[in-house]
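query_32.txt follows (compact mmCIF, C-alpha atoms and all ligand atoms):
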# COMPACT_ATOMS: atom_id res chain seq x y z
CA MET A 1 -17.92 24.82 -24.70
CA SER A 2 -17.98 21.22 -23.48
CA THR A 3 -16.56 20.65 -19.98
CA ARG A 4 -15.84 17.07 -20.99
CA THR A 5 -13.21 18.04 -23.49
CA ASN A 6 -11.94 21.51 -22.65
CA ARG A 7 -9.62 22.51 -19.85
CA THR A 8 -10.40 25.74 -18.07
CA LYS A 9 -8.00 28.66 -17.94
CA LYS A 10 -7.19 27.92 -14.29
CA THR A 11 -4.58 25.40 -15.50
CA ALA A 12 -2.31 27.83 -17.23
CA HIS A 13 0.10 27.99 -14.28
CA ILE A 14 0.47 24.22 -13.80
CA PRO A 15 3.70 23.01 -15.40
CA ASP A 16 3.43 19.96 -17.66
CA ALA A 17 5.62 17.84 -15.35
CA GLU A 18 3.30 18.50 -12.40
CA ARG A 19 0.24 17.79 -14.52
CA ALA A 20 1.77 14.47 -15.64
CA GLU A 21 2.60 13.58 -12.02
CA LEU A 22 -0.94 14.24 -10.83
CA ILE A 23 -2.42 12.17 -13.64
CA GLU A 24 -0.01 9.37 -12.81
CA LEU A 25 -1.18 9.37 -9.17
CA TYR A 26 -4.73 9.00 -10.46
CA ARG A 27 -3.78 6.21 -12.86
CA GLN A 28 -1.98 4.26 -10.13
CA MET A 29 -4.82 4.48 -7.62
CA LEU A 30 -7.30 3.41 -10.27
CA LEU A 31 -5.08 0.53 -11.36
CA ILE A 32 -4.93 -0.77 -7.79
CA ARG A 33 -8.72 -0.38 -7.43
CA ARG A 34 -9.58 -2.16 -10.71
CA PHE A 35 -6.94 -4.83 -10.09
CA GLU A 36 -8.41 -5.67 -6.70
CA GLU A 37 -12.01 -5.57 -7.92
CA HIS A 38 -10.94 -8.30 -10.30
CA CYS A 39 -9.18 -10.20 -7.48
CA ASP A 40 -12.40 -10.24 -5.50
CA LYS A 41 -14.23 -11.88 -8.41
CA ALA A 42 -11.39 -14.29 -9.14
CA TYR A 43 -11.32 -15.38 -5.49
CA ARG A 44 -15.00 -16.27 -5.67
CA GLN A 45 -14.36 -18.26 -8.85
CA ASP A 46 -11.65 -20.25 -7.02
CA LYS A 47 -8.97 -18.88 -9.28
CA ILE A 48 -7.17 -17.35 -6.31
CA GLY A 49 -6.57 -19.64 -3.37
CA GLY A 50 -5.23 -19.08 0.11
CA TYR A 51 -6.08 -15.76 1.62
CA LEU A 52 -6.69 -12.36 0.08
CA HIS A 53 -6.78 -8.93 1.74
CA LEU A 54 -7.80 -5.93 -0.35
CA TYR A 55 -6.46 -2.39 -0.07
CA ILE A 56 -9.67 -0.82 -1.45
CA GLY A 57 -10.08 2.61 0.17
CA GLU A 58 -6.45 2.86 1.29
CA GLU A 59 -4.82 3.41 -2.14
CA ALA A 60 -3.82 7.04 -1.53
CA LEU A 61 -1.37 6.03 1.18
CA ALA A 62 0.82 3.65 -0.83
CA VAL A 63 0.61 5.73 -3.99
CA GLY A 64 1.33 9.06 -2.28
CA PHE A 65 4.34 7.79 -0.32
CA ILE A 66 5.86 5.52 -2.94
CA SER A 67 5.66 8.28 -5.59
CA GLN A 68 8.25 10.24 -3.60
CA LEU A 69 10.92 7.51 -3.36
CA ASN A 70 14.18 7.14 -5.22
CA PRO A 71 14.46 3.93 -7.26
CA ASP A 72 17.04 2.48 -4.86
CA ASP A 73 14.92 2.95 -1.73
CA ARG A 74 13.32 -0.14 -0.16
CA VAL A 75 9.70 -0.90 0.66
CA LEU A 76 8.31 -3.60 2.94
CA GLY A 77 4.76 -4.17 4.06
CA HIS A 78 2.27 -6.45 5.66
CA TYR A 79 -0.06 -8.92 3.95
CA ARG A 80 -2.41 -6.26 2.46
CA ASP A 81 0.30 -5.76 -0.11
CA HIS A 82 -1.00 -5.54 -3.71
CA GLY A 83 -1.04 -1.73 -3.62
CA TYR A 84 2.65 -1.46 -2.72
CA VAL A 85 3.94 -3.51 -5.65
CA LEU A 86 1.58 -1.93 -8.19
CA ALA A 87 2.61 1.54 -7.00
CA LEU A 88 6.25 0.51 -7.32
CA GLY A 89 5.63 -0.49 -10.93
CA SER A 90 5.74 -4.29 -10.68
CA ASP A 91 4.29 -5.96 -13.76
CA PRO A 92 0.54 -6.43 -13.12
CA LYS A 93 0.68 -9.68 -15.11
CA ALA A 94 3.29 -11.15 -12.75
CA VAL A 95 1.38 -9.91 -9.69
CA MET A 96 -1.89 -11.44 -10.90
CA ALA A 97 -0.15 -14.70 -11.84
CA GLU A 98 1.30 -14.85 -8.34
CA LEU A 99 -2.18 -14.54 -6.82
CA TYR A 100 -3.35 -17.32 -9.16
CA GLY A 101 -0.44 -19.50 -7.94
CA LYS A 102 1.12 -19.73 -11.39
CA VAL A 103 4.78 -20.27 -12.28
CA THR A 104 4.90 -16.92 -14.11
CA GLY A 105 4.08 -15.10 -10.86
CA LEU A 106 6.40 -12.69 -9.07
CA CYS A 107 7.48 -15.50 -6.73
CA ARG A 108 6.92 -18.37 -9.20
CA GLY A 109 3.54 -19.01 -7.60
CA LYS A 110 4.94 -19.91 -4.19
CA GLY A 111 4.16 -16.70 -2.30
CA GLY A 112 0.57 -15.87 -3.08
CA SER A 113 -1.26 -12.70 -2.11
CA MET A 114 0.24 -12.23 1.34
CA HIS A 115 3.88 -12.85 0.40
CA LEU A 116 4.64 -10.80 -2.67
CA TYR A 117 8.29 -9.97 -3.32
CA ASP A 118 9.89 -8.08 -6.18
CA LYS A 119 13.63 -7.72 -5.90
CA GLU A 120 13.88 -5.69 -9.11
CA LYS A 121 11.50 -3.02 -7.75
CA ASN A 122 13.03 -3.19 -4.26
CA PHE A 123 9.88 -4.52 -2.66
CA LEU A 124 11.36 -6.74 0.02
CA GLY A 125 8.24 -8.55 0.97
CA GLY A 126 4.73 -8.64 2.26
CA TYR A 127 4.58 -10.46 5.63
CA ALA A 128 1.60 -12.33 7.05
CA ILE A 129 2.58 -12.44 10.70
CA VAL A 130 1.32 -9.27 12.31
CA GLY A 131 4.26 -7.06 13.33
CA ASP A 132 7.03 -9.16 11.75
CA VAL A 133 7.70 -6.70 8.95
CA ILE A 134 8.78 -4.10 11.49
CA GLY A 135 11.78 -6.15 12.64
CA ILE A 136 12.77 -7.04 9.08
CA ALA A 137 12.49 -3.45 7.82
CA THR A 138 14.60 -2.28 10.75
CA GLY A 139 17.30 -4.76 9.68
CA VAL A 140 17.09 -3.53 6.08
CA ALA A 141 17.51 0.05 7.34
CA PHE A 142 20.49 -1.05 9.43
CA ALA A 143 22.07 -2.50 6.27
CA ALA A 144 21.48 0.77 4.39
CA LYS A 145 23.32 2.69 7.08
CA TYR A 146 26.06 0.07 7.53
CA GLU A 147 26.80 0.19 3.80
CA GLY A 148 27.01 3.99 3.90
CA SER A 149 24.25 4.34 1.29
CA ASP A 150 21.63 7.08 1.26
CA ARG A 151 18.79 4.58 0.81
CA ILE A 152 15.75 4.90 2.98
CA VAL A 153 13.19 2.25 3.92
CA LEU A 154 9.40 2.49 4.03
CA CYS A 155 7.77 0.02 6.40
CA PHE A 156 3.96 -0.30 6.18
CA PHE A 157 1.88 -2.18 8.76
CA GLY A 158 -1.55 -2.12 10.37
CA ASP A 159 -2.77 -0.65 13.65
CA GLY A 160 -2.97 -4.18 15.09
CA ALA A 161 0.82 -4.37 14.88
CA MET A 162 1.13 -1.51 17.41
CA ASN A 163 0.73 -4.14 20.11
CA ALA A 164 3.50 -6.44 18.94
CA GLY A 165 6.49 -6.43 21.27
CA LEU A 166 8.74 -6.40 18.20
CA LEU A 167 7.47 -2.93 17.23
CA HIS A 168 8.75 -1.45 20.48
CA GLU A 169 12.06 -3.33 20.35
CA SER A 170 12.58 -2.20 16.74
CA LEU A 171 11.64 1.43 17.31
CA ASN A 172 14.08 1.54 20.20
CA MET A 173 16.92 0.19 18.07
CA ALA A 174 16.05 2.49 15.17
CA GLY A 175 16.06 5.51 17.49
CA LEU A 176 19.27 4.46 19.17
CA TRP A 177 21.16 3.82 15.93
CA LYS A 178 19.46 6.56 13.88
CA LEU A 179 18.32 4.21 11.12
CA PRO A 180 16.87 5.59 7.86
CA VAL A 181 13.43 4.05 8.16
CA ILE A 182 9.91 5.48 8.01
CA TYR A 183 7.46 3.39 9.99
CA ILE A 184 3.95 3.90 8.61
CA VAL A 185 1.05 2.55 10.61
CA GLU A 186 -2.06 2.28 8.46
CA ASN A 187 -4.62 3.21 11.06
CA ASN A 188 -7.80 1.96 9.37
CA LYS A 189 -9.54 1.85 12.76
CA TYR A 190 -9.74 -1.95 12.99
CA ALA A 191 -7.57 -5.01 13.45
CA MET A 192 -9.89 -7.56 11.83
CA GLY A 193 -13.09 -6.77 13.77
CA THR A 194 -11.43 -5.16 16.80
CA PRO A 195 -11.58 -1.34 16.94
CA VAL A 196 -8.47 0.56 17.96
CA GLU A 197 -10.27 1.70 21.15
CA LEU A 198 -10.44 -1.94 22.22
CA HIS A 199 -6.87 -2.95 21.39
CA SER A 200 -4.75 0.08 22.21
CA ALA A 201 -4.52 1.71 25.64
CA VAL A 202 -3.67 5.00 23.91
CA THR A 203 -5.57 5.51 20.66
CA ASN A 204 -3.34 8.27 19.31
CA LEU A 205 -0.83 5.91 17.71
CA ALA A 206 1.63 8.66 16.79
CA LYS A 207 1.75 9.56 20.48
CA ARG A 208 2.31 5.94 21.43
CA ALA A 209 5.34 5.82 19.16
CA SER A 210 6.74 9.18 20.21
CA VAL A 211 9.06 8.05 22.98
CA TYR A 212 11.89 6.51 20.95
CA GLY A 213 13.89 9.63 20.15
CA PHE A 214 12.64 10.48 16.66
CA PRO A 215 9.74 12.44 15.17
CA SER A 216 6.24 11.05 15.06
CA GLU A 217 3.07 12.52 13.57
CA THR A 218 -0.43 11.79 12.28
CA ILE A 219 -1.47 12.48 8.68
CA ASP A 220 -4.72 12.26 6.70
CA ALA A 221 -4.26 9.43 4.20
CA MET A 222 -7.56 9.69 2.30
CA ASP A 223 -6.29 12.49 0.07
CA VAL A 224 -3.36 11.51 -2.12
CA LEU A 225 -2.20 15.11 -2.54
CA GLU A 226 -1.96 15.50 1.23
CA VAL A 227 -0.08 12.21 1.47
CA ARG A 228 2.31 13.23 -1.30
CA LYS A 229 3.03 16.57 0.36
CA HIS A 230 3.78 14.97 3.73
CA ALA A 231 5.74 12.14 2.13
CA ARG A 232 8.00 14.55 0.29
CA ARG A 233 8.78 16.45 3.50
CA ILE A 234 9.22 13.34 5.67
CA ILE A 235 11.37 11.46 3.16
CA ASP A 236 13.61 14.53 2.76
CA HIS A 237 13.87 14.78 6.52
CA VAL A 238 14.94 11.15 6.94
CA ARG A 239 17.48 11.34 4.12
CA THR A 240 18.94 14.63 5.32
CA HIS A 241 18.84 14.25 9.08
CA LYS A 242 19.58 10.53 9.00
CA GLU A 243 17.05 9.53 11.61
CA PRO A 244 13.85 7.44 11.64
CA TYR A 245 10.32 8.81 11.43
CA PHE A 246 6.98 7.42 12.57
CA VAL A 247 3.78 8.21 10.65
CA GLU A 248 0.27 7.39 11.77
CA ALA A 249 -1.76 7.44 8.54
CA ILE A 250 -5.50 7.75 9.06
CA THR A 251 -7.23 5.62 6.46
CA TYR A 252 -10.15 3.24 5.99
CA ARG A 253 -10.84 0.00 4.14
CA PHE A 254 -14.15 0.00 2.33
CA VAL A 255 -14.35 -3.80 2.13
CA GLY A 256 -14.17 -6.58 4.71
CA HIS A 257 -10.96 -7.61 6.42
CA GLY A 258 -10.23 -10.48 4.06
CA ALA A 259 -11.68 -12.24 1.04
CA ALA A 260 -13.72 -14.58 3.18
CA ASP A 261 -15.63 -11.61 4.57
CA ILE A 262 -15.33 -9.14 1.73
CA THR A 263 -18.90 -7.94 2.14
CA ASP A 264 -18.37 -7.35 5.85
CA PRO A 265 -20.68 -9.11 8.24
CA GLY A 266 -21.44 -5.69 9.68
CA SER A 267 -21.04 -7.00 13.18
CA TYR A 268 -18.26 -4.62 14.16
CA ARG A 269 -19.03 -1.50 12.13
CA THR A 270 -22.20 0.03 10.79
CA ARG A 271 -23.15 0.48 7.16
CA GLU A 272 -23.52 4.21 7.92
CA GLU A 273 -19.91 4.41 9.08
CA VAL A 274 -18.68 2.78 5.87
CA GLU A 275 -20.86 5.11 3.79
CA GLU A 276 -19.46 8.15 5.62
CA TRP A 277 -15.90 7.11 4.81
CA ARG A 278 -16.80 6.28 1.22
CA LYS A 279 -17.56 9.97 0.77
CA ARG A 280 -13.82 10.46 1.20
CA ASP A 281 -12.89 7.84 -1.43
CA PRO A 282 -9.44 8.99 -2.60
CA ILE A 283 -10.14 8.28 -6.28
CA PRO A 284 -13.18 10.53 -6.83
CA THR A 285 -11.53 13.05 -4.50
CA LEU A 286 -8.56 13.36 -6.85
CA ALA A 287 -10.82 13.23 -9.93
CA LYS A 288 -12.74 16.22 -8.58
CA TYR A 289 -9.52 18.15 -8.01
CA LEU A 290 -8.25 17.35 -11.51
CA LEU A 291 -11.53 18.42 -13.11
CA GLU A 292 -12.07 21.54 -11.02
CA ASN A 293 -8.57 22.79 -11.68
CA GLY A 294 -8.75 21.99 -15.35
CA ILE A 295 -5.87 19.52 -15.09
CA ALA A 296 -7.84 16.81 -16.86
CA THR A 297 -11.16 16.53 -18.66
CA GLN A 298 -13.78 13.89 -17.93
CA ASP A 299 -12.95 12.31 -21.29
CA GLU A 300 -9.30 11.98 -20.25
CA LEU A 301 -10.26 10.39 -16.92
CA ASP A 302 -12.58 7.96 -18.73
CA ALA A 303 -9.74 7.04 -21.07
CA ILE A 304 -7.48 6.28 -18.07
CA ASP A 305 -10.19 4.00 -16.67
CA ARG A 306 -10.43 2.14 -19.98
CA GLU A 307 -6.65 1.85 -20.09
CA VAL A 308 -6.32 0.36 -16.58
CA ARG A 309 -9.26 -2.00 -17.15
CA ALA A 310 -7.44 -3.29 -20.23
CA VAL A 311 -4.24 -3.77 -18.19
CA VAL A 312 -6.17 -5.78 -15.58
CA GLU A 313 -7.94 -7.87 -18.22
CA GLU A 314 -4.65 -8.66 -19.86
CA ALA A 315 -3.12 -9.57 -16.47
CA ALA A 316 -6.07 -11.88 -15.74
CA ARG A 317 -5.80 -13.56 -19.16
CA PHE A 318 -2.05 -14.02 -18.66
CA ALA A 319 -2.59 -15.53 -15.20
CA ASP A 320 -5.35 -17.81 -16.48
CA GLU A 321 -3.28 -19.13 -19.33
CA SER A 322 -0.04 -19.56 -17.37
CA PRO A 323 0.97 -23.03 -16.16
CA ASP A 324 1.09 -24.16 -12.53
CA PRO A 325 4.58 -24.49 -11.06
CA PRO A 326 5.98 -27.91 -12.02
CA LEU A 327 6.09 -30.48 -9.23
CA ASP A 328 9.84 -30.93 -9.53
CA GLU A 329 10.22 -27.26 -8.50
CA LEU A 330 8.58 -27.93 -5.16
CA TRP A 331 11.75 -27.46 -3.14
CA GLU A 332 13.34 -24.82 -5.34
CA HIS A 333 13.28 -21.05 -4.72
CA VAL A 334 12.20 -21.60 -1.13
CA PHE A 335 15.47 -21.01 0.74
CA VAL A 336 18.54 -19.08 -0.34
CA ASP A 337 21.45 -21.46 -1.09
C1 LIG B 401 1.05 -12.64 15.19
C2 LIG B 401 -0.27 -12.75 14.50
N1 LIG B 401 -1.40 -12.86 15.25
C3 LIG B 401 -2.60 -12.96 14.65
C4 LIG B 401 -2.69 -12.99 13.28
C5 LIG B 401 -4.07 -13.08 12.63
N2 LIG B 401 -4.38 -11.80 12.00
C6 LIG B 401 -4.29 -11.65 10.67
S1 LIG B 401 -4.65 -10.10 10.20
C7 LIG B 401 -4.98 -9.60 11.77
C8 LIG B 401 -5.42 -8.19 12.06
C9 LIG B 401 -4.38 -7.17 11.79
O1 LIG B 401 -4.95 -5.90 11.74
P1 LIG B 401 -4.13 -4.64 11.38
O2 LIG B 401 -2.72 -4.80 11.84
O3 LIG B 401 -4.86 -3.46 11.88
O4 LIG B 401 -4.07 -4.63 9.77
P2 LIG B 401 -5.27 -4.47 8.74
O5 LIG B 401 -5.77 -5.85 8.45
O6 LIG B 401 -6.29 -3.59 9.37
O7 LIG B 401 -4.68 -3.86 7.52
C10 LIG B 401 -4.79 -10.66 12.64
C11 LIG B 401 -5.02 -10.56 14.09
C12 LIG B 401 -1.50 -12.90 12.54
N3 LIG B 401 -1.49 -12.92 11.20
N4 LIG B 401 -0.32 -12.77 13.16
MG MG B 402 -6.14 -2.17 10.86

Target encoding structure tokens, full file:
Amino acid sequence: MSTRTNRTKKTAHIPDAERAELIELYRQMLLIRRFEEHCDKAYRQDKIGGYLHLYIGEEALAVGFISQLNPDDRVLGHYRDHGYVLALGSDPKAVMAELYGKVTGLCRGKGGSMHLYDKEKNFLGGYAIVGDVIGIATGVAFAAKYEGSDRIVLCFFGDGAMNAGLLHESLNMAGLWKLPVIYIVENNKYAMGTPVELHSAVTNLAKRASVYGFPSETIDAMDVLEVRKHARRIIDHVRTHKEPYFVEAITYRFVGHGAADITDPGSYRTREEVEEWRKRDPIPTLAKYLLENGIATQDELDAIDREVRAVVEEAARFADESPDPPLDELWEHVFVD
């Protein structure tokens, strides 16, 4: 019996809906990975300008959390933002076109990689200024409460943002007014080349955020099933108890900080350290689980890879062939009238 094509008997108890959900988590992480591998190439070919920060290695966090949201919930993040919109289901063609600066892009080519925005999917922005998203997301959560809705807000940012004054002002307000927001610090151990030990007086970031009157905890974000489990519990908590939550998500980026140093200079971390973390790559980790539990066969996983590669190729072709924004649009879609 071929293991490539036959599921084992272990799967009998897994309901179809759960099987479909697990496969979808795999498909989304792989889409983000393949999408960004293309971005890296396109940046080197001068097709993508400005700046570019890849989420490679961190996919499980966005995918695991976002998979547990209701459609009306809101998501905001920092500049490493391609994973959020792809996990939310934004059209990969429009995301790629935005990175290429084309008029067919999510923001008509005016935002670029660091400033994605998709109103339809309730992604209310990627923000380039470290820490800024925290204040904005707190305002969005205030609006959700003020309007009496049961929406919640996910706010993603990096460990470097722990040192922004705005974080502490915002967490205080959120705790005081019981706002429905989940602050998620992506602790990938570095802010550019500065390790957490050199930028934070207390390196347990969940502990640092634990004094504002709402729960705070650390989770492992290299395993999407772990993330999904915690996300489900934490999102339920925030919706039910109507109070904020702080999550320190332990993760790691496998590539350099930004496109200019994608193959890391190696001056602030060793190759061995990167290799150690690569052993916890969330994509093969989930693949192994799916195979070992007979949820998918290797042939099915290969087919998903071919499918996402085709989606990325089509997105790249669309972006290539799309026109630049016309000059007479220069001042349009910049401010709200
Ligand atoms: C207020 C501010 N200061 C400095 C910068 C330059 N800068 C861009 S990214 C970055 C590091 C942020 O690291 P972290 O928050 O850990 O996010 P990561 O890149 O690791 O995802 C810095 C200092 C900035 N964008 N904004
Ligand atoms: Mg960081």

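With only C-alpha atoms and all ligand atoms as the atoms that count, the residue of A:Ala231, A:Val75, A:Ile32, A:Leu205 with the shortest distance to ligand LIG 401 (chain B) is A:Leu205.
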
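A distance cut-off of 7 Å from ligand MG 402 (chain B), applied to all atoms listed in the file, picks out the residues A:Gly158, A:Asp159, A:Gly160, A:Glu186, A:Asn187, A:Asn188, A:Lys189, A:Tyr190, A:Ala191, A:Met192.
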
Env of region 313-328 of chain A: 7 Å cut, atoms = all atoms listed in the file, seq-sep filter 6 positions within chain, self excluded. Answer as a short mmCIF file (atom, residue, chain, number, x, y, z; two decimals) with C-alpha atoms, in the frame of the given file.
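Saved to selection12.cif:
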data_model
loop_
_atom_site.label_atom_id
_atom_site.label_comp_id
_atom_site.auth_asym_id
_atom_site.auth_seq_id
_atom_site.Cartn_x
_atom_site.Cartn_y
_atom_site.Cartn_z
CA PRO A 92 0.54 -6.43 -13.12
CA LYS A 93 0.68 -9.68 -15.11
CA MET A 96 -1.89 -11.44 -10.90
CA ALA A 97 -0.15 -14.70 -11.84
CA TYR A 100 -3.35 -17.32 -9.16
CA GLY A 101 -0.44 -19.50 -7.94
CA LYS A 102 1.12 -19.73 -11.39
CA VAL A 103 4.78 -20.27 -12.28
CA THR A 104 4.90 -16.92 -14.11
CA ARG A 108 6.92 -18.37 -9.20
CA GLY A 109 3.54 -19.01 -7.60
#

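Between CA of Arg44 (chain A) and CA of Gly112 (chain A) the separation is 15.8 Å.
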
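Excluding region 278-284 of chain A itself and same-chain residues fewer than 5 positions from it, the residues having an atom within 9 Å of it are Tyr26, Met29, Leu30, Arg33, Gly57, Glu58, Glu59, Ala60, Ala221, Met222, Asp223, Val224, Tyr252, Phe254, Glu273 and Tyr289 of chain A, counting all atoms listed in the file.
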
**OP:** Check which residues fall inside 10 Å of ligand LIG 401 (chain B) when counting all atoms listed in the file, and print them as a PyMOL selection string.
**Re:** chain A and resi 53-55+58+78-81+127-132+156-164+185-196+199+251-253+256-258

Please produce a file of the residues just selected, as a PDB file, in the coordinates of the input, where the atoms kept are C-alpha atoms.
ATOM      1  CA  HIS A  53      -6.780  -8.930   1.740  1.00  0.00           C
ATOM      2  CA  LEU A  54      -7.800  -5.930  -0.350  1.00  0.00           C
ATOM      3  CA  TYR A  55      -6.460  -2.390  -0.070  1.00  0.00           C
ATOM      4  CA  GLU A  58      -6.450   2.860   1.290  1.00  0.00           C
ATOM      5  CA  HIS A  78       2.270  -6.450   5.660  1.00  0.00           C
ATOM      6  CA  TYR A  79      -0.060  -8.920   3.950  1.00  0.00           C
ATOM      7  CA  ARG A  80      -2.410  -6.260   2.460  1.00  0.00           C
ATOM      8  CA  ASP A  81       0.300  -5.760  -0.110  1.00  0.00           C
ATOM      9  CA  TYR A 127       4.580 -10.460   5.630  1.00  0.00           C
ATOM     10  CA  ALA A 128       1.600 -12.330   7.050  1.00  0.00           C
ATOM     11  CA  ILE A 129       2.580 -12.440  10.700  1.00  0.00           C
ATOM     12  CA  VAL A 130       1.320  -9.270  12.310  1.00  0.00           C
ATOM     13  CA  GLY A 131       4.260  -7.060  13.330  1.00  0.00           C
ATOM     14  CA  ASP A 132       7.030  -9.160  11.750  1.00  0.00           C
ATOM     15  CA  PHE A 156       3.960  -0.300   6.180  1.00  0.00           C
ATOM     16  CA  PHE A 157       1.880  -2.180   8.760  1.00  0.00           C
ATOM     17  CA  GLY A 158      -1.550  -2.120  10.370  1.00  0.00           C
ATOM     18  CA  ASP A 159      -2.770  -0.650  13.650  1.00  0.00           C
ATOM     19  CA  GLY A 160      -2.970  -4.180  15.090  1.00  0.00           C
ATOM     20  CA  ALA A 161       0.820  -4.370  14.880  1.00  0.00           C
ATOM     21  CA  MET A 162       1.130  -1.510  17.410  1.00  0.00           C
ATOM     22  CA  ASN A 163       0.730  -4.140  20.110  1.00  0.00           C
ATOM     23  CA  ALA A 164       3.500  -6.440  18.940  1.00  0.00           C
ATOM     24  CA  VAL A 185       1.050   2.550  10.610  1.00  0.00           C
ATOM     25  CA  GLU A 186      -2.060   2.280   8.460  1.00  0.00           C
ATOM     26  CA  ASN A 187      -4.620   3.210  11.060  1.00  0.00           C
ATOM     27  CA  ASN A 188      -7.800   1.960   9.370  1.00  0.00           C
ATOM     28  CA  LYS A 189      -9.540   1.850  12.760  1.00  0.00           C
ATOM     29  CA  TYR A 190      -9.740  -1.950  12.990  1.00  0.00           C
ATOM     30  CA  ALA A 191      -7.570  -5.010  13.450  1.00  0.00           C
ATOM     31  CA  MET A 192      -9.890  -7.560  11.830  1.00  0.00           C
ATOM     32  CA  GLY A 193     -13.090  -6.770  13.770  1.00  0.00           C
ATOM     33  CA  THR A 194     -11.430  -5.160  16.800  1.00  0.00           C
ATOM     34  CA  PRO A 195     -11.580  -1.340  16.940  1.00  0.00           C
ATOM     35  CA  VAL A 196      -8.470   0.560  17.960  1.00  0.00           C
ATOM     36  CA  HIS A 199      -6.870  -2.950  21.390  1.00  0.00           C
ATOM     37  CA  THR A 251      -7.230   5.620   6.460  1.00  0.00           C
ATOM     38  CA  TYR A 252     -10.150   3.240   5.990  1.00  0.00           C
ATOM     39  CA  ARG A 253     -10.840   0.000   4.140  1.00  0.00           C
ATOM     40  CA  GLY A 256     -14.170  -6.580   4.710  1.00  0.00           C
ATOM     41  CA  HIS A 257     -10.960  -7.610   6.420  1.00  0.00           C
ATOM     42  CA  GLY A 258     -10.230 -10.480   4.060  1.00  0.00           C
TER      43      GLY A 258
END

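Distances here use all atoms listed in the file; by that measure, the residue among A:Gly294, A:Gly148, A:Gly139, A:Pro180 closest to Lys242 (chain A) is A:Pro180.
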
**OP:** Kindly indicate which residue among A:Leu52, A:Ala94, A:Ala259, A:Ile23 lies nearest to Val312 (chain A), using only C-alpha atoms for the distances.
**Re:** A:Ala94

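Reported to one decimal place, the separation of CA of Phe246 (chain A) from CA of Asn204 (chain A) is 12.4 Å.
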
**OP:** Take CA of Phe65 (chain A) and CA of Ala87 (chain A) and report the distance between them in Å, one decimal.
**Re:** 9.3 Å

Subject >> All residues 8 Å or closer to Gly64 (chain A), only C-alpha atoms, same chain fewer than 3 positions away omitted, as JSON, numbers by chain >> reply: {"A": [25, 60, 61, 67, 68, 224, 225, 227, 228, 231]}

Could you write out that same residue set with C-alpha atoms as a short mmCIF file (atom, residue, chain, number, x, y, z; two decimals), keeping the file's coordinate frame?
data_model
loop_
_atom_site.label_atom_id
_atom_site.label_comp_id
_atom_site.auth_asym_id
_atom_site.auth_seq_id
_atom_site.Cartn_x
_atom_site.Cartn_y
_atom_site.Cartn_z
CA LEU A 25 -1.18 9.37 -9.17
CA ALA A 60 -3.82 7.04 -1.53
CA LEU A 61 -1.37 6.03 1.18
CA SER A 67 5.66 8.28 -5.59
CA GLN A 68 8.25 10.24 -3.60
CA VAL A 224 -3.36 11.51 -2.12
CA LEU A 225 -2.20 15.11 -2.54
CA VAL A 227 -0.08 12.21 1.47
CA ARG A 228 2.31 13.23 -1.30
CA ALA A 231 5.74 12.14 2.13
#

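Of the residues listed (A:Arg151, A:His82, A:His333, A:Lys110), A:Arg151 shows the shortest atom-to-atom separation from Asp236 (chain A); distances use all atoms listed in the file.
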
**OP:** Give me the residues within 10 Å of Ile235 (chain A) as a ChimeraX atom specification, counting only C-alpha atoms and dropping any in the same chain fewer than 2 places off.
**Re:** /A:65,68-70,152-154,180-182,230-233,237-241,244-245

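Closest approach to Val63 (chain A) among A:Glu169, A:Glu226, A:Glu36, A:Glu18: A:Glu226, based on only C-alpha atoms.
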
Subject >> Distance query Leu116 (chain A) at most 9 Å, only C-alpha atoms, self and fewer than 6 positions along chain excluded, as a PyMOL selection string >> reply: chain A and resi 79+81-82+85+95+98-99+106-107+123-127

Original post:
Restricting the calculation to only C-alpha atoms, which member of A:Ile250, A:Ala287, A:Ile48, A:Ala201 is positioned closest to Ser113 (chain A)?
Top reply: A:Ile48
